[in-house]
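S.K.: Below is entry30.txt; it holds compact mmCIF, C-alpha atoms.
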# COMPACT_ATOMS: atom_id res chain seq x y z
CA MET A 27 -12.20 -41.72 -12.81
CA ALA A 28 -12.26 -37.94 -13.20
CA VAL A 29 -8.95 -36.21 -13.62
CA PRO A 30 -8.19 -34.22 -10.46
CA VAL A 31 -7.62 -30.49 -10.59
CA LEU A 32 -4.02 -29.39 -10.93
CA ALA A 33 -3.78 -28.26 -7.29
CA GLU A 34 -4.73 -31.68 -5.92
CA THR A 35 -2.14 -33.42 -8.07
CA LEU A 36 0.57 -30.98 -7.04
CA LEU A 37 -0.32 -31.38 -3.36
CA ALA A 38 -0.20 -35.16 -3.68
CA LEU A 39 3.21 -34.95 -5.31
CA ILE A 40 4.52 -32.70 -2.52
CA GLU A 41 3.01 -34.98 0.14
CA SER A 42 5.00 -37.83 -1.29
CA LEU A 43 8.18 -36.14 -0.14
CA ASP A 44 7.69 -37.11 3.49
CA ALA A 45 10.15 -39.80 4.44
CA ALA A 46 8.97 -42.81 6.40
CA PRO A 47 8.64 -42.00 10.12
CA GLY A 48 11.50 -43.14 12.28
CA THR A 49 14.08 -43.11 9.53
CA GLY A 50 15.47 -39.72 10.55
CA VAL A 51 15.65 -38.71 6.96
CA VAL A 52 14.43 -35.30 5.98
CA VAL A 53 14.01 -34.33 2.38
CA THR A 54 15.06 -30.73 2.09
CA SER A 55 14.42 -30.08 -1.56
CA MET A 56 13.21 -31.83 -4.62
CA GLU A 57 13.09 -31.30 -8.34
CA LEU A 58 10.53 -33.44 -10.00
CA GLU A 59 9.76 -33.76 -13.65
CA VAL A 60 6.46 -35.46 -14.06
CA PRO A 61 4.25 -36.11 -17.05
CA LEU A 62 0.76 -34.76 -16.68
CA GLU A 63 -2.39 -35.42 -18.58
CA ALA A 64 -3.95 -31.98 -18.59
CA THR A 65 -7.28 -30.70 -19.80
CA ALA A 66 -8.88 -27.30 -19.64
CA SER A 67 -12.60 -26.86 -19.43
CA ILE A 68 -15.24 -24.42 -18.30
CA GLU A 69 -16.84 -25.42 -15.01
CA ARG A 70 -19.51 -23.19 -13.49
CA GLY A 71 -18.32 -20.33 -15.65
CA ASP A 72 -14.65 -20.61 -14.73
CA LEU A 73 -11.78 -22.05 -16.66
CA VAL A 74 -10.45 -25.00 -14.67
CA ILE A 75 -7.21 -26.80 -15.39
CA ARG A 76 -7.32 -30.47 -14.55
CA ALA A 77 -4.13 -32.45 -14.57
CA GLY A 78 -3.26 -35.91 -13.34
CA VAL A 79 -0.53 -38.41 -13.80
CA PRO A 80 -0.89 -40.44 -16.98
CA HIS A 81 -3.09 -43.51 -16.98
CA THR A 82 -0.41 -45.52 -18.70
CA ARG A 83 2.99 -45.09 -20.18
CA TRP A 84 1.74 -46.46 -23.44
CA VAL A 85 0.88 -43.92 -26.06
CA SER A 86 -2.56 -44.34 -27.40
CA GLY A 87 -4.87 -42.33 -29.53
CA VAL A 88 -7.69 -42.13 -27.02
CA LEU A 89 -5.96 -40.70 -23.99
CA PRO A 90 -5.26 -37.01 -23.52
CA PRO A 91 -1.81 -35.89 -24.60
CA VAL A 92 0.85 -35.91 -21.92
CA HIS A 93 2.30 -32.58 -20.90
CA LYS A 94 5.41 -32.13 -18.86
CA GLY A 95 5.55 -30.47 -15.48
CA LYS A 96 8.61 -29.64 -13.45
CA LEU A 97 8.33 -28.84 -9.75
CA VAL A 98 10.94 -27.39 -7.43
CA VAL A 99 9.93 -27.96 -3.82
CA GLU A 100 11.88 -26.81 -0.78
CA LEU A 101 11.62 -27.34 2.93
CA VAL A 102 10.77 -24.14 4.74
CA GLU A 103 10.38 -23.17 8.34
CA GLU A 104 7.31 -21.23 9.36
CA PRO A 105 8.37 -19.35 12.48
CA SER A 106 5.16 -17.38 12.75
CA THR A 107 2.79 -20.31 12.71
CA HIS A 108 4.30 -22.81 15.10
CA GLY A 109 6.18 -23.02 18.32
CA GLU A 110 3.75 -20.99 20.45
CA GLU A 111 2.17 -24.05 22.02
CA SER A 112 5.34 -25.78 23.05
CA MET B 26 -14.77 -20.04 -25.23
CA ALA B 27 -17.34 -22.37 -26.68
CA ASP B 28 -14.86 -23.48 -29.31
CA GLY B 29 -12.40 -24.61 -26.67
CA PHE B 30 -10.03 -21.67 -27.13
CA PHE B 31 -9.02 -19.58 -24.16
CA ASN B 32 -7.38 -16.24 -23.72
CA VAL B 33 -3.87 -16.42 -22.36
CA GLU B 34 -4.90 -14.29 -19.39
CA ASP B 35 -7.67 -16.70 -18.44
CA PHE B 36 -5.34 -19.63 -18.92
CA VAL B 37 -2.61 -18.19 -16.71
CA GLN B 38 -5.14 -16.97 -14.14
CA SER B 39 -6.62 -20.42 -13.86
CA ILE B 40 -3.22 -21.97 -13.20
CA LEU B 41 -2.37 -19.24 -10.71
CA SER B 42 -5.52 -19.88 -8.70
CA GLN B 43 -4.57 -23.56 -8.52
CA LEU B 44 -1.06 -22.70 -7.36
CA ASP B 45 -2.48 -20.35 -4.72
CA ARG B 46 -4.60 -23.22 -3.51
CA VAL B 47 -1.49 -25.39 -3.19
CA GLN B 48 0.39 -22.73 -1.22
CA ASP B 49 -2.60 -22.13 1.07
CA ALA B 50 -2.90 -25.85 1.79
CA LEU B 51 0.80 -26.09 2.59
CA ARG B 52 0.55 -23.09 4.88
CA LEU B 53 -2.36 -24.62 6.74
CA LYS B 54 -0.34 -27.76 7.17
CA ALA B 55 2.44 -25.72 8.74
CA VAL B 56 0.19 -24.75 11.66
CA ASN B 57 0.74 -28.14 13.29
CA ARG B 58 4.12 -28.95 11.88
CA PRO B 59 7.37 -27.12 12.44
CA LEU B 60 8.56 -27.73 8.91
CA THR B 61 6.69 -27.84 5.72
CA TYR B 62 7.36 -27.75 2.05
CA ALA B 63 6.83 -24.84 -0.23
CA LEU B 64 6.39 -24.95 -3.94
CA LYS B 65 9.21 -22.71 -5.05
CA ASP B 66 9.13 -23.05 -8.81
CA ILE B 67 6.93 -24.84 -11.22
CA SER B 68 7.14 -25.02 -14.97
CA LEU B 69 4.52 -26.58 -17.15
CA ASP B 70 4.76 -27.52 -20.79
CA PHE B 71 1.37 -27.54 -22.41
CA HIS B 72 0.60 -28.83 -25.85
CA VAL B 73 -1.72 -26.26 -27.31
CA PHE B 74 -3.01 -24.97 -30.58
CA ALA B 75 -2.77 -21.22 -30.95
CA GLU B 76 -4.95 -18.95 -33.01
CA LEU B 77 -5.39 -15.23 -33.54
CA ASP B 78 -8.96 -14.06 -33.26
CA PRO B 79 -10.36 -11.14 -35.33
CA GLN B 80 -9.80 -8.75 -32.41
CA GLY B 81 -6.09 -9.53 -32.41
CA ASN B 82 -6.10 -11.67 -29.27
CA VAL B 83 -3.92 -14.74 -29.17
CA ARG B 84 -5.94 -17.68 -27.86
CA PHE B 85 -4.96 -21.22 -26.98
CA ARG B 86 -6.73 -24.55 -27.05
CA PRO B 87 -5.21 -27.53 -25.25
CA ALA B 88 -4.46 -30.40 -27.59
CA SER B 89 -6.94 -33.25 -27.50
CA SER B 90 -6.40 -36.95 -27.90
CA ASN B 91 -4.76 -38.08 -31.11
CA GLU B 92 -4.03 -34.53 -32.26
CA SER B 93 -0.61 -33.94 -33.65
CA GLY B 94 1.18 -30.77 -34.58
CA ALA B 95 0.43 -28.93 -31.34
CA SER B 96 2.68 -26.15 -30.12
CA THR B 97 4.37 -26.35 -26.76
CA LEU B 98 3.54 -23.55 -24.36
CA LYS B 99 6.12 -23.42 -21.62
CA LEU B 100 4.93 -21.62 -18.54
CA GLY B 101 7.21 -21.01 -15.60
CA PHE B 102 6.07 -19.77 -12.21
CA THR B 103 8.28 -18.82 -9.33
CA THR B 104 7.81 -17.28 -5.90
CA ILE B 105 8.55 -13.61 -5.55
CA THR B 106 8.72 -11.30 -2.58
CA ARG B 107 6.50 -8.36 -1.80
CA PRO B 108 9.08 -5.75 -2.92
CA MET B 109 9.34 -7.57 -6.25
CA ILE B 110 5.57 -7.43 -6.61
CA GLU B 111 5.54 -3.72 -5.87
CA GLU B 112 8.35 -3.11 -8.36
CA ASN B 113 6.75 -5.03 -11.18
CA THR B 114 3.07 -4.26 -10.88
CA VAL B 115 0.92 -1.20 -11.17
CA SER B 116 -0.04 0.31 -7.84
CA LEU B 117 -3.62 0.24 -6.63
CA ALA B 118 -3.69 4.03 -6.74
CA ALA B 119 -3.07 3.97 -10.47
CA THR B 120 -5.85 1.47 -11.08
CA ARG B 121 -8.42 3.76 -9.42
CA SER B 122 -8.23 6.02 -12.43
CA PRO B 123 -10.89 5.41 -15.10
CA ARG B 124 -9.98 2.95 -17.81
CA ILE B 125 -9.38 4.28 -21.28
CA ASP B 126 -12.32 2.35 -22.67
CA GLU B 127 -14.52 4.58 -20.51
CA LEU B 128 -13.29 7.67 -22.34
CA GLY B 129 -15.18 7.02 -25.54
CA LEU B 130 -12.45 5.25 -27.51
CA SER B 131 -13.21 2.48 -29.93
CA PRO B 132 -12.03 -1.06 -29.05
CA ASP B 133 -9.30 -0.84 -31.70
CA GLU B 134 -8.01 2.43 -30.30
CA VAL B 135 -8.11 0.98 -26.80
CA LYS B 136 -6.07 -1.99 -27.94
CA ARG B 137 -3.50 0.20 -29.66
CA LEU B 138 -3.11 2.38 -26.58
CA GLU B 139 -2.79 -0.74 -24.44
CA SER B 140 0.05 -1.81 -26.70
CA VAL B 141 2.01 1.24 -25.49
CA GLY B 142 1.22 0.45 -21.87
CA VAL B 143 -1.73 2.77 -21.38
CA ARG B 144 -4.74 1.27 -19.64
CA THR B 145 -6.05 4.11 -17.49
CA ALA B 146 -6.61 7.83 -17.83
CA ALA B 147 -3.88 8.48 -15.29
CA GLN B 148 -1.38 6.48 -17.33
CA LEU B 149 -2.41 8.37 -20.45
CA ASN B 150 -1.93 11.69 -18.67
CA ARG B 151 1.43 10.62 -17.40
CA LEU B 152 2.65 9.38 -20.76
CA GLN B 153 1.58 12.50 -22.60
CA SER B 154 3.18 14.74 -19.95
CA VAL B 155 6.47 12.87 -20.38
CA ALA B 156 6.50 12.03 -24.08
CA GLY B 157 4.06 14.58 -25.52
CA SER B 158 0.73 13.96 -27.17
CA SER B 159 2.17 13.79 -30.71
CA THR B 160 4.51 10.97 -29.71
CA VAL B 161 1.67 9.05 -28.08
CA SER B 162 -0.47 9.62 -31.15
CA ARG B 163 2.27 8.35 -33.48
CA TRP B 164 3.18 5.28 -31.48
CA ALA B 165 -0.38 4.27 -30.68
CA ASN B 166 -1.55 5.08 -34.19
CA VAL B 167 -4.46 7.07 -32.86
CA ASP B 168 -5.52 10.22 -34.66
CA SER B 169 -4.04 13.26 -32.93
CA THR B 170 -7.34 15.16 -32.86
CA ARG B 171 -9.07 12.17 -31.38
CA LEU B 172 -6.31 11.66 -28.87
CA LYS B 173 -6.48 15.34 -27.90
CA ASP B 174 -10.19 14.94 -27.29
CA VAL B 175 -9.53 11.91 -25.12
CA LEU B 176 -6.73 13.68 -23.29
CA ASN B 177 -9.09 16.54 -22.53
CA ARG B 178 -11.50 14.07 -21.05
CA ALA B 179 -8.69 12.46 -19.10
CA ARG B 180 -7.39 15.76 -17.81
CA PRO B 181 -7.71 16.55 -14.14
CA VAL B 182 -10.90 18.38 -13.29
CA VAL B 183 -11.81 19.93 -9.95
CA ASP B 184 -15.58 20.06 -9.55
CA ARG B 185 -15.99 21.10 -5.95
CA VAL B 186 -13.97 22.76 -3.22
CA GLN B 187 -14.87 22.23 0.40
CA VAL B 188 -13.32 23.72 3.50
CA GLN B 189 -13.32 21.26 6.31
CA PRO B 190 -12.17 21.54 9.88
CA GLY B 191 -8.78 20.19 10.64
CA PRO B 192 -8.19 17.18 12.80
CA ALA B 193 -7.65 17.45 16.49
CA VAL B 194 -4.02 18.27 16.81
CA PRO B 195 -2.41 17.25 20.07
CA PRO B 196 -2.31 20.31 22.31
CA ARG B 197 0.89 22.21 22.24
CA VAL B 198 2.66 22.53 25.54
CA VAL B 199 4.24 25.84 26.33
CA PRO B 200 6.43 26.45 29.36
CA ARG B 201 4.94 28.70 32.01
CA PRO B 202 7.20 31.37 33.48
CA ALA B 203 9.07 30.17 36.48
CA PRO B 204 7.30 31.04 39.77
CA VAL B 205 8.58 34.05 41.67
CA PRO B 206 10.40 32.79 44.73
CA ALA B 207 8.88 33.73 48.08
CA PRO B 208 10.81 36.30 50.14
CA PRO B 209 13.25 34.68 52.52
CA ALA B 210 11.79 33.93 55.92
CA PRO B 211 13.29 35.82 58.88
CA PRO B 212 15.79 33.81 60.85
CA PRO B 213 14.27 32.05 63.81
CA VAL B 214 14.73 33.73 67.16
CA SER B 215 16.95 31.62 69.32
CA ARG B 216 15.80 31.29 72.87
CA PRO B 217 17.83 30.00 75.74
CA PRO B 218 16.83 26.57 76.84
CA ILE B 219 14.76 26.33 79.97
CA SER B 220 16.63 24.57 82.68
CA ALA B 221 15.80 23.85 86.31
CA GLN B 222 19.41 23.67 87.25
CA PRO B 223 21.23 26.63 88.65
CA ALA B 224 22.49 28.88 86.04
CA PRO B 225 26.04 28.14 85.00
CA PRO B 226 28.63 30.80 85.34
CA PRO B 227 28.41 33.31 82.60
CA ARG B 228 30.46 32.53 79.54
CA PRO B 229 32.58 35.07 77.88
CA ALA B 230 30.79 37.01 75.23
CA PRO B 231 30.85 35.21 71.90
CA ILE B 232 32.90 36.58 69.12
CA VAL B 233 30.57 38.01 66.60
CA ARG B 234 31.84 37.67 63.09
CA PRO B 235 30.38 39.62 60.23
CA PRO B 236 28.29 37.45 57.87
CA ILE B 237 29.95 36.35 54.71
CA ASP B 238 28.46 38.06 51.73
CA PHE B 239 27.65 35.57 49.00
CA GLY B 240 26.11 38.19 46.75
CA PRO B 241 22.45 38.65 45.95
CA LYS B 242 20.34 35.61 46.55
CA LYS B 243 19.20 34.03 43.35
CA PRO B 244 15.88 32.31 43.07
CA ILE B 245 16.12 28.55 42.93
CA GLU B 246 15.73 27.39 39.39
CA THR B 247 12.84 25.02 39.17
CA GLN B 248 11.66 22.82 36.32
CA PRO B 249 9.25 24.87 34.23
CA ALA B 250 5.68 23.74 34.60
CA PHE B 251 3.61 22.97 31.51
CA GLU B 252 0.09 23.87 30.73
CA PRO B 253 -1.95 22.78 27.77
CA GLN B 254 -2.78 25.24 25.06
CA ALA B 255 -5.60 25.06 22.61
CA PRO B 256 -5.06 22.88 19.52
CA VAL B 257 -3.67 24.78 16.60
CA PRO B 258 -6.46 24.75 14.04
CA ARG B 259 -5.46 23.88 10.51
CA GLN B 260 -7.45 24.57 7.46
CA ARG B 261 -7.99 21.69 5.18
CA ILE B 262 -9.35 22.08 1.72
CA ARG B 263 -11.02 19.13 0.07
CA LEU B 264 -10.99 19.15 -3.71
CA VAL B 265 -13.41 16.80 -5.37
CA GLY B 266 -13.08 16.02 -9.05
CA ARG B 267 -11.66 13.37 -11.32
CA ASN B 268 -8.29 12.31 -12.74
CA LEU B 269 -6.55 14.10 -9.90
CA MET B 270 -3.60 11.71 -9.70
CA LEU B 271 -0.58 11.65 -11.95
CA GLY B 272 -0.28 7.92 -12.18
CA GLU B 273 0.93 6.96 -8.74
CA ASP B 274 2.03 10.46 -7.79
CA ALA B 275 0.04 13.24 -6.21
CA PRO B 276 0.20 16.61 -7.94
CA GLY B 277 2.27 19.43 -6.54
CA ALA B 278 0.40 22.09 -4.58
CA LYS B 279 1.21 25.71 -3.79
CA PHE B 280 -0.78 28.33 -1.93
CA ASN B 281 0.27 31.87 -2.79
CA ASP B 282 3.49 30.42 -4.26
CA VAL B 283 4.31 28.62 -1.02
CA PRO B 284 4.37 24.83 -1.25
CA VAL B 285 1.68 23.20 0.86
CA SER B 286 1.24 19.57 1.68
CA ILE B 287 -1.36 17.23 0.26
CA THR B 288 -2.50 15.05 3.10
CA ARG B 289 -4.79 12.79 1.09
CA ALA B 290 -4.56 11.99 -2.59
CA LEU B 291 -7.01 9.89 -4.53
CA ASP B 292 -7.99 9.97 -8.15
CA ASP B 293 -11.26 11.72 -7.29
CA GLU B 294 -10.28 13.62 -4.19
CA LEU B 295 -7.41 15.68 -2.83
CA GLU B 296 -7.02 17.13 0.62
CA VAL B 297 -4.70 20.09 0.96
CA GLU B 298 -3.51 21.49 4.24
CA LEU B 299 -3.28 25.27 4.26
CA PRO B 300 -1.55 27.53 6.75
CA HIS B 301 -3.58 28.48 9.79
CA ASP B 302 -3.68 32.17 8.94
CA ALA B 303 -4.57 31.71 5.29
CA THR B 304 -7.58 33.81 4.37
CA SER B 305 -7.48 34.23 0.63
CA GLY B 306 -5.15 33.43 -2.18
CA THR B 307 -4.46 31.19 -5.12
CA LEU B 308 -4.14 27.47 -4.78
CA GLU B 309 -2.11 26.01 -7.64
CA LEU B 310 -2.19 22.33 -8.45
CA SER B 311 0.57 21.21 -10.77
CA PHE B 312 -0.23 18.16 -12.91
CA GLY B 313 2.94 17.84 -14.91
CA ASP B 314 5.04 20.48 -16.61
CA ASP B 315 2.42 22.49 -18.45
CA ASP B 316 -0.78 21.59 -16.68
CA VAL B 317 -1.33 23.86 -13.72
CA HIS B 318 -4.77 24.42 -12.23
CA SER B 319 -5.30 27.65 -10.32
CA ILE B 320 -8.14 27.99 -7.84
CA GLU B 321 -8.93 31.29 -6.15
CA LEU B 322 -9.87 30.72 -2.53
CA GLU B 323 -11.66 33.07 -0.12
CA LEU B 324 -11.49 31.60 3.34
CA ALA B 325 -13.18 32.75 6.51
CA PRO B 326 -10.75 33.65 9.27
CA ALA B 327 -10.06 30.94 11.78
CA SER B 328 -12.93 30.76 14.25
CA VAL B 329 -10.93 29.47 17.16
CA ASP B 330 -9.01 32.03 19.15
CA ALA B 331 -5.72 30.50 19.97
CA THR B 332 -5.16 32.82 22.93
CA THR B 333 -8.37 31.75 24.73
CA PRO B 334 -8.59 28.04 24.70
CA ALA B 335 -12.10 26.92 23.91
CA MET B 336 -11.80 24.08 26.35
CA TRP B 337 -11.67 26.57 29.24
CA ASN B 338 -14.84 28.50 28.43
CA GLY B 339 -17.24 28.25 31.36
CA ASP B 340 -14.84 26.21 33.40
CA PRO B 341 -14.79 27.63 36.96
CA TRP B 342 -11.52 25.86 37.64
CA ALA B 343 -9.86 27.43 34.67
CA PRO B 344 -7.46 30.32 35.15
CA GLY B 345 -9.54 33.44 35.56
CA GLY B 346 -12.48 31.57 37.00
CA GLY B 347 -13.98 30.70 33.72
CA THR B 348 -15.23 34.17 33.10
Can you present the structure in this file as structure tokens?
M.R.:
Amino acid sequence: MAVPVLAETLLALIESLDAAPGTGVVVTSMELEVPLEATASIERGDLVIRAGVPHTRWVSGVLPPVHKGKLVVELVEEPSTHGEES
Amino acid sequence: MADGFFNVEDFVQSILSQLDRVQDALRLKAVNRPLTYALKDISLDFHVFAELDPQGNVRFRPASSNESGASTLKLGFTTITRPMIEENTVSLAATRSPRIDELGLSPDEVKRLESVGVRTAAQLNRLQSVAGSSTVSRWANVDSTRLKDVLNRARPVVDRVQVQPGPAVPPRVVPRPAPVPAPPAPPPVSRPPISAQPAPPPRPAPIVRPPIDFGPKKPIETQPAFEPQAPVPRQRIRLVGRNLMLGEDAPGAKFNDVPVSITRALDDELEVELPHDATSGTLELSFGDDDVHSIELELAPASVDATTPAMWNGDPWAPGGGT
């Protein structure tokens, strides 16, 4: 399986913040330290960073090295983009 | 890049484009949801191998499988506001100026000047006007004669002067003199009412009192009417050249030692607004302390007569019948 680009991995991590519906719980902020297997390569003339979560927690000599990423995510209100239809 | 090494700029730019993609996706999601998440900070630790290429650029290569001894490159990104961007980046106006590698410098000299923060001709002009050319030469380790040659090429040059009509200025409104009041109408003649009944007995003669003198009658003050007057023509001079900006600032301008305003300032074009009655004189453009350009101007007198509005010519409804 190809390693996703960094943006897709970050979006998936942020999506995971949503609490289960009906619980009434809202996550307002999050700090997440996550290991990332990252590679950089030229694709169609552009440098593209691909990064995904590690395949395994075991250290092996055939997998890409694991880099560390730390995300700070906060809940924001977008007053200009919602509320007009209600 | 064939060897797997990347410039730091490319590396950071690639990550930034990915982060922009994340923020755009989150913003799109906010269209249908009242609350959304924003990526406020992100820090990434990359295991890389660094090298210095022959041109003096530091380049990185991400560590591959089973490679030990890699360095850790810690990159931190955070969200900043628009004022922070404007404070910490070069304005677009400054980037319109030609780059220093277009001035005939060798790549090494370009790199050394970049190390003192000079990337454009405008920045070079600004630095030498503040610090002096000898200081720039010493710090950038560029030969002073060579730097002088480059500075001459980076100096402001006016190639062409054009007089162009001014924009349509909203018509001035001037108060018309108050209308002369009409002479007072004579008092109405009182007639006895016609009656079919027999005339009543005569009344005693009324007592006639002298009228009270309130002084001379003053005309009633009315709100002054307004009539449009012809637009005040302004003379605008367009100066076409190169390197006409001092970094982000427009040069100072004086016409016959009177400061005049620059209404448009680009690196290759300036537009100066001159007084309406200006016919000839010296236009001085000040690019720093000791760099003043003087341009002798001979201007035709203004073609529009301000006392006869052009808009009324041939108009039979105009005052005077349009004659």
S.K.: Atom CA of B:Arg86 and atom CA of B:Arg137 are how many Å apart?
M.R.: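 The value is 25.1 Å.
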S.K.: Within 7 Å of chain A, which residues of chain B show up when using only C-alpha atoms, listed as a VMD selection string?
M.R.: chain B and resid 35 39 to 40 43 to 44 46 to 47 55 to 72 87 to 91
S.K.: In Å, with one decimal, what is the gap from atom CA of A:Val79 to atom CA of A:Gly48?
M.R.: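 Calculated distance between atom CA of A:Val79 and atom CA of A:Gly48 is 29.1 Å.
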S.K.: Could you please determine the separation between atom CA of B:Ser42 and atom CA of B:Gln148 in Å, to one decimal place?
M.R.: 28.0 Å
S.K.: Which residue is closest to B:Pro123? Choose from B:Gly157, B:Gly94, B:Gly142, B:Pro181 and count all atoms listed in the file.
M.R.: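 Nearest to B:Pro123: B:Pro181.
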S.K.: Where atoms are absent from stretch 60-73 of chain A, fill them in so it carries N, CA, C and O atoms, then output it as a PDB file, in the coordinates of the input.
M.R.:
ATOM      1  N   VAL A  60       7.538 -34.481 -14.047  1.00  0.00           N
ATOM      2  CA  VAL A  60       6.460 -35.460 -14.060  1.00  0.00           C
ATOM      3  C   VAL A  60       5.579 -35.223 -15.293  1.00  0.00           C
ATOM      4  O   VAL A  60       5.265 -34.078 -15.625  1.00  0.00           O
ATOM      5  N   PRO A  61       5.208 -36.281 -15.951  1.00  0.00           N
ATOM      6  CA  PRO A  61       4.250 -36.110 -17.050  1.00  0.00           C
ATOM      7  C   PRO A  61       2.852 -35.914 -16.513  1.00  0.00           C
ATOM      8  O   PRO A  61       2.480 -36.498 -15.484  1.00  0.00           O
ATOM      9  N   LEU A  62       2.114 -35.060 -17.138  1.00  0.00           N
ATOM     10  CA  LEU A  62       0.760 -34.760 -16.680  1.00  0.00           C
ATOM     11  C   LEU A  62      -0.205 -34.828 -17.864  1.00  0.00           C
ATOM     12  O   LEU A  62       0.098 -34.311 -18.945  1.00  0.00           O
ATOM     13  N   GLU A  63      -1.307 -35.477 -17.600  1.00  0.00           N
ATOM     14  CA  GLU A  63      -2.390 -35.420 -18.580  1.00  0.00           C
ATOM     15  C   GLU A  63      -3.272 -34.247 -18.189  1.00  0.00           C
ATOM     16  O   GLU A  63      -3.932 -34.281 -17.143  1.00  0.00           O
ATOM     17  N   ALA A  64      -3.251 -33.202 -18.972  1.00  0.00           N
ATOM     18  CA  ALA A  64      -3.950 -31.980 -18.590  1.00  0.00           C
ATOM     19  C   ALA A  64      -5.083 -31.677 -19.557  1.00  0.00           C
ATOM     20  O   ALA A  64      -4.965 -31.900 -20.758  1.00  0.00           O
ATOM     21  N   THR A  65      -6.155 -31.174 -18.980  1.00  0.00           N
ATOM     22  CA  THR A  65      -7.280 -30.700 -19.800  1.00  0.00           C
ATOM     23  C   THR A  65      -7.730 -29.354 -19.234  1.00  0.00           C
ATOM     24  O   THR A  65      -7.515 -29.070 -18.050  1.00  0.00           O
ATOM     25  N   ALA A  66      -8.325 -28.579 -20.081  1.00  0.00           N
ATOM     26  CA  ALA A  66      -8.880 -27.300 -19.640  1.00  0.00           C
ATOM     27  C   ALA A  66     -10.340 -27.259 -20.051  1.00  0.00           C
ATOM     28  O   ALA A  66     -10.673 -27.571 -21.198  1.00  0.00           O
ATOM     29  N   SER A  67     -11.182 -26.896 -19.111  1.00  0.00           N
ATOM     30  CA  SER A  67     -12.600 -26.860 -19.430  1.00  0.00           C
ATOM     31  C   SER A  67     -13.292 -25.798 -18.594  1.00  0.00           C
ATOM     32  O   SER A  67     -12.760 -25.350 -17.562  1.00  0.00           O
ATOM     33  N   ILE A  68     -14.455 -25.416 -19.036  1.00  0.00           N
ATOM     34  CA  ILE A  68     -15.240 -24.420 -18.300  1.00  0.00           C
ATOM     35  C   ILE A  68     -16.145 -25.153 -17.328  1.00  0.00           C
ATOM     36  O   ILE A  68     -16.939 -26.007 -17.713  1.00  0.00           O
ATOM     37  N   GLU A  69     -15.983 -24.820 -16.051  1.00  0.00           N
ATOM     38  CA  GLU A  69     -16.840 -25.420 -15.010  1.00  0.00           C
ATOM     39  C   GLU A  69     -17.458 -24.302 -14.198  1.00  0.00           C
ATOM     40  O   GLU A  69     -16.744 -23.508 -13.602  1.00  0.00           O
ATOM     41  N   ARG A  70     -18.772 -24.248 -14.196  1.00  0.00           N
ATOM     42  CA  ARG A  70     -19.510 -23.190 -13.490  1.00  0.00           C
ATOM     43  C   ARG A  70     -18.989 -21.809 -13.884  1.00  0.00           C
ATOM     44  O   ARG A  70     -18.802 -20.923 -13.053  1.00  0.00           O
ATOM     45  N   GLY A  71     -18.717 -21.646 -15.135  1.00  0.00           N
ATOM     46  CA  GLY A  71     -18.320 -20.330 -15.650  1.00  0.00           C
ATOM     47  C   GLY A  71     -16.851 -20.018 -15.527  1.00  0.00           C
ATOM     48  O   GLY A  71     -16.403 -18.963 -15.981  1.00  0.00           O
ATOM     49  N   ASP A  72     -16.080 -20.873 -14.893  1.00  0.00           N
ATOM     50  CA  ASP A  72     -14.650 -20.610 -14.730  1.00  0.00           C
ATOM     51  C   ASP A  72     -13.836 -21.627 -15.508  1.00  0.00           C
ATOM     52  O   ASP A  72     -14.227 -22.797 -15.624  1.00  0.00           O
ATOM     53  N   LEU A  73     -12.703 -21.148 -15.984  1.00  0.00           N
ATOM     54  CA  LEU A  73     -11.780 -22.050 -16.660  1.00  0.00           C
ATOM     55  C   LEU A  73     -11.020 -22.848 -15.600  1.00  0.00           C
ATOM     56  O   LEU A  73     -10.390 -22.269 -14.705  1.00  0.00           O
TER      57      LEU A  73
END
